[in-house]
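Novice: Handing you a structure now.
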Amino acid sequence: VLDFVLKNYRYASLPELNAVLGQYNVRADCGKEDSKLRQNGGLVYGVLDEAGNRVGVPIKAGDFPGKPTLAFLQSKYAANDALRQPHKSRVRNAVDRTLSSGVRTLTDLQAALAKEGIGLLPRQNPEGVTYGLTYIDHTTRCVFNGSALGKAYSAKAVLERCNQSRQIAGKTETGSKPETLKAAALRSDGREHGEKTGSSENQPLGQKDSGNRGIVMEALDALLKPEHGHDYVPNSLKKRRRKKKKKRISNQP
(Lines give C-alpha, C1' and ligand atoms only; values in the text may rest on other atoms or scores of the structure.)
Protein backbone atom coordinates (compact mmCIF):
# COMPACT_ATOMS: atom_id res chain seq x y z
CA VAL A 1 0.00 0.00 0.00
CA LEU A 2 2.70 2.50 0.96
CA ASP A 3 4.75 1.75 -2.13
CA PHE A 4 1.78 2.39 -4.44
CA VAL A 5 0.20 5.42 -2.69
CA LEU A 6 3.39 7.34 -1.92
CA LYS A 7 4.61 7.07 -5.51
CA ASN A 8 1.36 7.67 -7.40
CA TYR A 9 -0.84 10.12 -5.44
CA ARG A 10 -0.33 13.90 -5.16
CA TYR A 11 -0.82 14.97 -1.53
CA ALA A 12 0.42 18.15 0.15
CA SER A 13 -0.10 17.37 3.83
CA LEU A 14 -0.24 14.42 6.20
CA PRO A 15 -4.07 14.57 6.53
CA GLU A 16 -4.37 14.43 2.74
CA LEU A 17 -2.07 11.41 2.62
CA ASN A 18 -4.08 9.71 5.36
CA ALA A 19 -7.27 10.30 3.38
CA VAL A 20 -5.84 8.03 0.66
CA LEU A 21 -4.21 5.52 3.02
CA GLY A 22 -7.50 5.20 4.87
CA GLN A 23 -9.04 3.70 1.74
CA TYR A 24 -6.69 0.77 2.34
CA ASN A 25 -7.13 0.69 6.14
CA VAL A 26 -3.69 2.17 6.78
CA ARG A 27 -2.78 5.31 8.72
CA ALA A 28 0.35 7.41 9.22
CA ASP A 29 0.67 8.82 12.74
CA CYS A 30 3.13 11.40 14.03
CA GLY A 31 1.84 11.23 17.60
CA LYS A 32 0.00 13.64 19.87
CA GLU A 33 1.18 17.17 20.60
CA ASP A 34 3.01 16.29 23.82
CA SER A 35 4.25 12.86 22.76
CA LYS A 36 7.92 11.96 22.31
CA LEU A 37 7.15 10.76 18.80
CA ARG A 38 5.93 14.22 17.80
CA GLN A 39 8.73 16.03 19.59
CA ASN A 40 11.36 13.90 17.84
CA GLY A 41 9.76 14.28 14.41
CA GLY A 42 8.96 10.58 14.20
CA LEU A 43 6.32 8.77 12.19
CA VAL A 44 4.69 5.34 12.42
CA TYR A 45 2.30 3.43 10.16
CA GLY A 46 -0.49 1.25 11.49
CA VAL A 47 -3.31 -0.98 10.27
CA LEU A 48 -6.94 0.01 10.91
CA ASP A 49 -10.07 -2.08 11.28
CA GLU A 50 -13.33 -1.35 9.47
CA ALA A 51 -14.33 1.16 12.16
CA GLY A 52 -11.07 3.09 11.77
CA ASN A 53 -9.51 1.86 15.01
CA ARG A 54 -5.83 0.87 15.16
CA VAL A 55 -5.11 -2.87 15.05
CA GLY A 56 -1.86 -4.40 16.26
CA VAL A 57 1.45 -2.64 16.85
CA PRO A 58 2.41 0.33 14.61
CA ILE A 59 5.63 0.12 12.59
CA LYS A 60 8.27 2.86 12.45
CA ALA A 61 8.61 4.62 9.11
CA GLY A 62 12.34 3.93 9.07
CA ASP A 63 11.71 0.17 9.07
CA PHE A 64 10.04 0.24 5.63
CA PRO A 65 11.92 0.10 2.32
CA GLY A 66 12.47 3.62 1.00
CA LYS A 67 12.16 4.95 4.57
CA PRO A 68 8.92 7.02 4.17
CA THR A 69 9.66 9.18 7.23
CA LEU A 70 7.98 12.48 8.08
CA ALA A 71 10.94 14.39 6.65
CA PHE A 72 10.65 12.39 3.43
CA LEU A 73 6.93 13.21 3.11
CA GLN A 74 7.44 16.88 3.85
CA SER A 75 10.07 17.07 1.11
CA LYS A 76 7.40 15.97 -1.41
CA TYR A 77 4.60 18.38 -0.39
CA ALA A 78 5.72 21.37 -2.48
CA ALA A 79 6.38 19.32 -5.62
CA ASN A 80 3.07 17.45 -5.28
CA ASP A 81 1.18 20.72 -4.84
CA ALA A 82 2.60 22.05 -8.10
CA LEU A 83 1.76 18.84 -9.97
CA ARG A 84 -1.88 18.79 -8.81
CA GLN A 85 -2.72 22.41 -9.70
CA PRO A 86 -3.86 21.67 -13.29
CA HIS A 87 -6.35 19.09 -11.97
CA LYS A 88 -8.21 21.34 -9.50
CA SER A 89 -10.74 22.43 -12.11
CA ARG A 90 -11.88 18.85 -12.74
CA VAL A 91 -12.86 18.38 -9.09
CA ARG A 92 -14.43 21.85 -8.83
CA ASN A 93 -16.48 21.31 -11.98
CA ALA A 94 -17.66 17.91 -10.78
CA VAL A 95 -18.79 19.35 -7.43
CA ASP A 96 -20.52 22.35 -9.04
CA ARG A 97 -22.26 20.22 -11.64
CA THR A 98 -23.46 17.73 -9.05
CA LEU A 99 -24.75 20.37 -6.65
CA SER A 100 -26.57 22.22 -9.44
CA SER A 101 -28.40 18.99 -10.34
CA GLY A 102 -30.33 19.16 -7.05
CA VAL A 103 -28.27 17.04 -4.64
CA ARG A 104 -29.86 17.35 -1.21
CA THR A 105 -27.46 15.69 1.25
CA LEU A 106 -23.76 15.12 1.71
CA THR A 107 -24.35 11.38 1.28
CA ASP A 108 -25.98 11.98 -2.10
CA LEU A 109 -23.04 14.17 -3.09
CA GLN A 110 -20.61 11.41 -2.13
CA ALA A 111 -22.48 8.86 -4.23
CA ALA A 112 -22.68 11.16 -7.26
CA LEU A 113 -18.98 12.08 -7.12
CA ALA A 114 -17.99 8.42 -6.72
CA LYS A 115 -19.50 7.75 -10.16
CA GLU A 116 -16.98 10.25 -11.56
CA GLY A 117 -14.05 8.63 -9.78
CA ILE A 118 -13.86 11.20 -6.97
CA GLY A 119 -13.94 10.16 -3.33
CA LEU A 120 -15.38 12.60 -0.77
CA LEU A 121 -14.29 12.06 2.84
CA PRO A 122 -15.95 14.13 5.60
CA ARG A 123 -13.80 14.92 8.63
CA GLN A 124 -15.85 14.91 11.83
CA ASN A 125 -15.23 15.71 15.48
CA PRO A 126 -16.18 13.29 18.30
CA GLU A 127 -19.67 14.84 18.40
CA GLY A 128 -20.23 13.91 14.77
CA VAL A 129 -20.09 17.46 13.42
CA THR A 130 -18.49 17.72 9.97
CA TYR A 131 -15.73 20.32 10.08
CA GLY A 132 -13.79 19.47 6.91
CA LEU A 133 -13.90 17.69 3.55
CA THR A 134 -11.18 15.92 1.58
CA TYR A 135 -11.55 15.16 -2.13
CA ILE A 136 -9.63 12.25 -3.68
CA ASP A 137 -9.61 12.19 -7.46
CA HIS A 138 -8.70 8.60 -8.30
CA THR A 139 -8.56 9.42 -12.01
CA THR A 140 -5.83 12.05 -11.76
CA ARG A 141 -4.65 10.68 -8.37
CA CYS A 142 -4.72 14.10 -6.74
CA VAL A 143 -5.86 14.80 -3.19
CA PHE A 144 -7.34 18.12 -2.06
CA ASN A 145 -8.62 19.42 1.23
CA GLY A 146 -11.66 21.63 0.68
CA SER A 147 -9.64 24.73 1.59
CA ALA A 148 -7.14 23.90 -1.17
CA LEU A 149 -9.94 24.11 -3.77
CA GLY A 150 -11.44 27.32 -2.40
CA LYS A 151 -14.02 28.53 0.13
CA ALA A 152 -16.93 27.29 -2.00
CA TYR A 153 -15.70 23.70 -1.48
CA SER A 154 -15.19 23.78 2.28
CA ALA A 155 -17.46 21.73 4.55
CA LYS A 156 -19.54 24.73 5.64
CA ALA A 157 -20.03 26.05 2.10
CA VAL A 158 -20.90 22.65 0.61
CA LEU A 159 -23.46 21.93 3.33
CA GLU A 160 -25.04 25.34 2.70
CA ARG A 161 -25.10 24.68 -1.05
CA CYS A 162 -26.80 21.33 -0.44
CA ASN A 163 -29.49 23.18 1.51
CA GLN A 164 -29.94 25.66 -1.35
CA SER A 165 -30.29 22.77 -3.78
CA ARG A 166 -33.04 21.38 -1.56
CA GLN A 167 -34.93 24.65 -1.75
CA ILE A 168 -34.50 24.84 -5.52
CA ALA A 169 -35.77 21.28 -5.84
CA GLY A 170 -39.13 22.26 -4.40
CA LYS A 171 -38.92 23.24 -0.75
CA THR A 172 -40.71 26.54 -0.12
CA GLU A 173 -40.37 28.90 2.78
CA THR A 174 -43.36 29.29 5.08
CA GLY A 175 -44.56 32.02 7.35
CA SER A 176 -43.97 34.93 4.99
CA LYS A 177 -46.67 37.57 4.81
CA PRO A 178 -47.99 38.84 1.48
CA GLU A 179 -46.81 42.27 0.44
CA THR A 180 -49.16 45.15 0.82
CA LEU A 181 -49.99 47.32 -2.18
CA LYS A 182 -47.87 50.16 -0.87
CA ALA A 183 -44.88 47.93 -0.01
CA ALA A 184 -44.96 46.28 -3.43
CA ALA A 185 -45.23 49.63 -5.15
CA LEU A 186 -42.38 51.09 -3.14
CA ARG A 187 -40.16 48.13 -3.95
CA SER A 188 -41.10 48.06 -7.62
CA ASP A 189 -40.82 51.80 -8.15
CA GLY A 190 -37.48 51.95 -6.39
CA ARG A 191 -36.11 49.28 -8.70
CA GLU A 192 -37.64 50.65 -11.92
CA HIS A 193 -36.69 54.23 -11.17
CA GLY A 194 -33.09 53.19 -10.64
CA GLU A 195 -33.01 51.20 -13.86
CA LYS A 196 -34.58 53.92 -16.01
CA THR A 197 -32.68 56.91 -14.78
CA GLY A 198 -29.41 55.11 -14.10
CA SER A 199 -28.66 57.72 -11.43
CA SER A 200 -29.78 55.90 -8.29
CA GLU A 201 -26.36 54.32 -7.80
CA ASN A 202 -24.75 57.74 -7.62
CA GLN A 203 -27.20 59.26 -5.16
CA PRO A 204 -26.72 59.12 -1.41
CA LEU A 205 -28.83 56.40 0.16
CA GLY A 206 -31.07 58.77 2.09
CA GLN A 207 -31.78 60.99 -0.92
CA LYS A 208 -32.42 58.01 -3.18
CA ASP A 209 -34.94 56.44 -0.78
CA SER A 210 -36.74 59.69 -0.05
CA GLY A 211 -36.97 60.58 -3.74
CA ASN A 212 -38.43 57.21 -4.68
CA ARG A 213 -40.83 57.30 -1.77
CA GLY A 214 -42.09 60.75 -2.74
CA ILE A 215 -42.72 59.69 -6.33
CA VAL A 216 -44.59 56.57 -5.27
CA MET A 217 -46.71 58.33 -2.66
CA GLU A 218 -47.80 60.93 -5.22
CA ALA A 219 -48.74 58.18 -7.63
CA LEU A 220 -50.69 56.28 -4.97
CA ASP A 221 -52.53 59.41 -3.89
CA ALA A 222 -53.51 60.09 -7.47
CA LEU A 223 -54.72 56.50 -7.96
CA LEU A 224 -56.65 56.22 -4.70
CA LYS A 225 -58.07 59.75 -4.58
CA PRO A 226 -61.80 59.86 -5.48
CA GLU A 227 -62.68 61.87 -8.55
CA HIS A 228 -65.39 63.77 -6.71
CA GLY A 229 -66.09 64.94 -3.20
CA HIS A 230 -67.92 62.91 -0.58
CA ASP A 231 -71.18 64.82 -1.27
CA TYR A 232 -71.14 63.93 -4.93
CA VAL A 233 -74.27 62.17 -6.26
CA PRO A 234 -74.33 60.74 -9.78
CA ASN A 235 -76.78 62.37 -12.16
CA SER A 236 -78.57 59.07 -12.69
CA LEU A 237 -79.52 59.01 -9.00
CA LYS A 238 -80.71 62.60 -8.80
CA LYS A 239 -84.47 63.19 -8.75
CA ARG A 240 -85.61 65.65 -11.28
CA ARG A 241 -87.48 68.53 -9.78
CA ARG A 242 -90.86 69.19 -11.28
CA LYS A 243 -91.61 72.76 -12.02
CA LYS A 244 -94.81 74.00 -10.43
CA LYS A 245 -97.26 75.32 -12.93
CA LYS A 246 -98.71 78.65 -12.00
CA LYS A 247 -102.45 78.75 -12.01
CA ARG A 248 -103.87 81.36 -14.23
CA ILE A 249 -106.47 83.54 -12.58
CA SER A 250 -109.33 84.31 -14.84
CA ASN A 251 -110.75 87.86 -14.75
CA GLN A 252 -114.10 86.70 -15.97
CA PRO A 253 -116.86 86.79 -13.39
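Letters A, B, ... go to the chains of the C-alpha coordinates in the order shown; residues in each chain start at 1; ligands are counted from 1 in the same order.
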Could you name the residues that touch Ala82 of chain A at 12 Å or less, counting only C-alpha atoms, but leaving out those on the same chain fewer than 6 positions away, as an MDAnalysis selection string?

Specialist: chainID A and resid 10:12 76 88 142

Novice: With only C-alpha atoms as the atoms that count, which of A:Gln85, A:Ser154, A:Ser35, A:Asn40 lies nearest to Thr140 of chain A?

Specialist: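 Of all the options, A:Gln85 lies closest to Thr140 of chain A.
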
Novice: For each of A:Leu99, A:Val129, A:Val57, A:Ile136, take the minimum atom-to-atom distance to Gly22 of chain A, counting only C-alpha atoms, then give the residue where this is smallest.

Specialist: A:Ile136

Novice: Given only C-alpha atoms as the basis, pick out the residue of A:Ala79, A:Cys30, A:Val1, A:Cys162 nearest to Leu14 of chain A.

Specialist: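 Of the candidates, the smallest distance to Leu14 of chain A is held by A:Cys30.
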
Novice: At a cut-off of 12 Å, using only C-alpha atoms, what residues contact Lys67 of chain A? Leave out same-chain residues fewer than 4 positions from it and give the result as a PyMOL selection string.

Specialist: chain A and resi 2-3+6+42-45+59-63+71-73

Novice: Work out how far atom CA of Leu21 of chain A is from atom CA of Phe64 of chain A, in Å to one decimal.

Specialist: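 Computing the Euclidean distance for atom CA of Phe64 of chain A and atom CA of Leu21 of chain A yields 15.4 Å.
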
Novice: Mind checking DSSP for segment 42-169 of chain A and telling me the helix (DSSP H, G or I) residues as a PyMOL selection string?

Specialist: chain A and resi 61-63+70-100+106-114+146-149+151-153+155-168

Novice: Can you list, as a ChimeraX atom specification, all residues belonging to segment 28-197 of chain A that DSSP tags as strand (DSSP E or B)?

Specialist: /A:28-29,44-48,54-60,118-124,130-137,142-145

Novice: Leaving out Glu16 of chain A and any residue of its chain fewer than 4 positions from it, which residues lie within 12 Å of it when counting only C-alpha atoms, given as a PyMOL selection string?

Specialist: chain A and resi 5-6+9-12+20-23+27-28+73+77+80-81+120-123+132-137+141-148

Novice: Using only C-alpha atoms, which protein or nucleic acid residues come within 12 Å of Val55 of chain A? Drop anything in the same chain fewer than 2 positions from it, and give the result as a list in words.

Specialist: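 Once the nearby chain positions are removed, what remains is Asn25, Val26, Arg27, Tyr45, Gly46, Val47, Leu48, Asp49, Glu50, Ala51, Gly52, Asn53, Val57, Pro58 and Ile59 of chain A.
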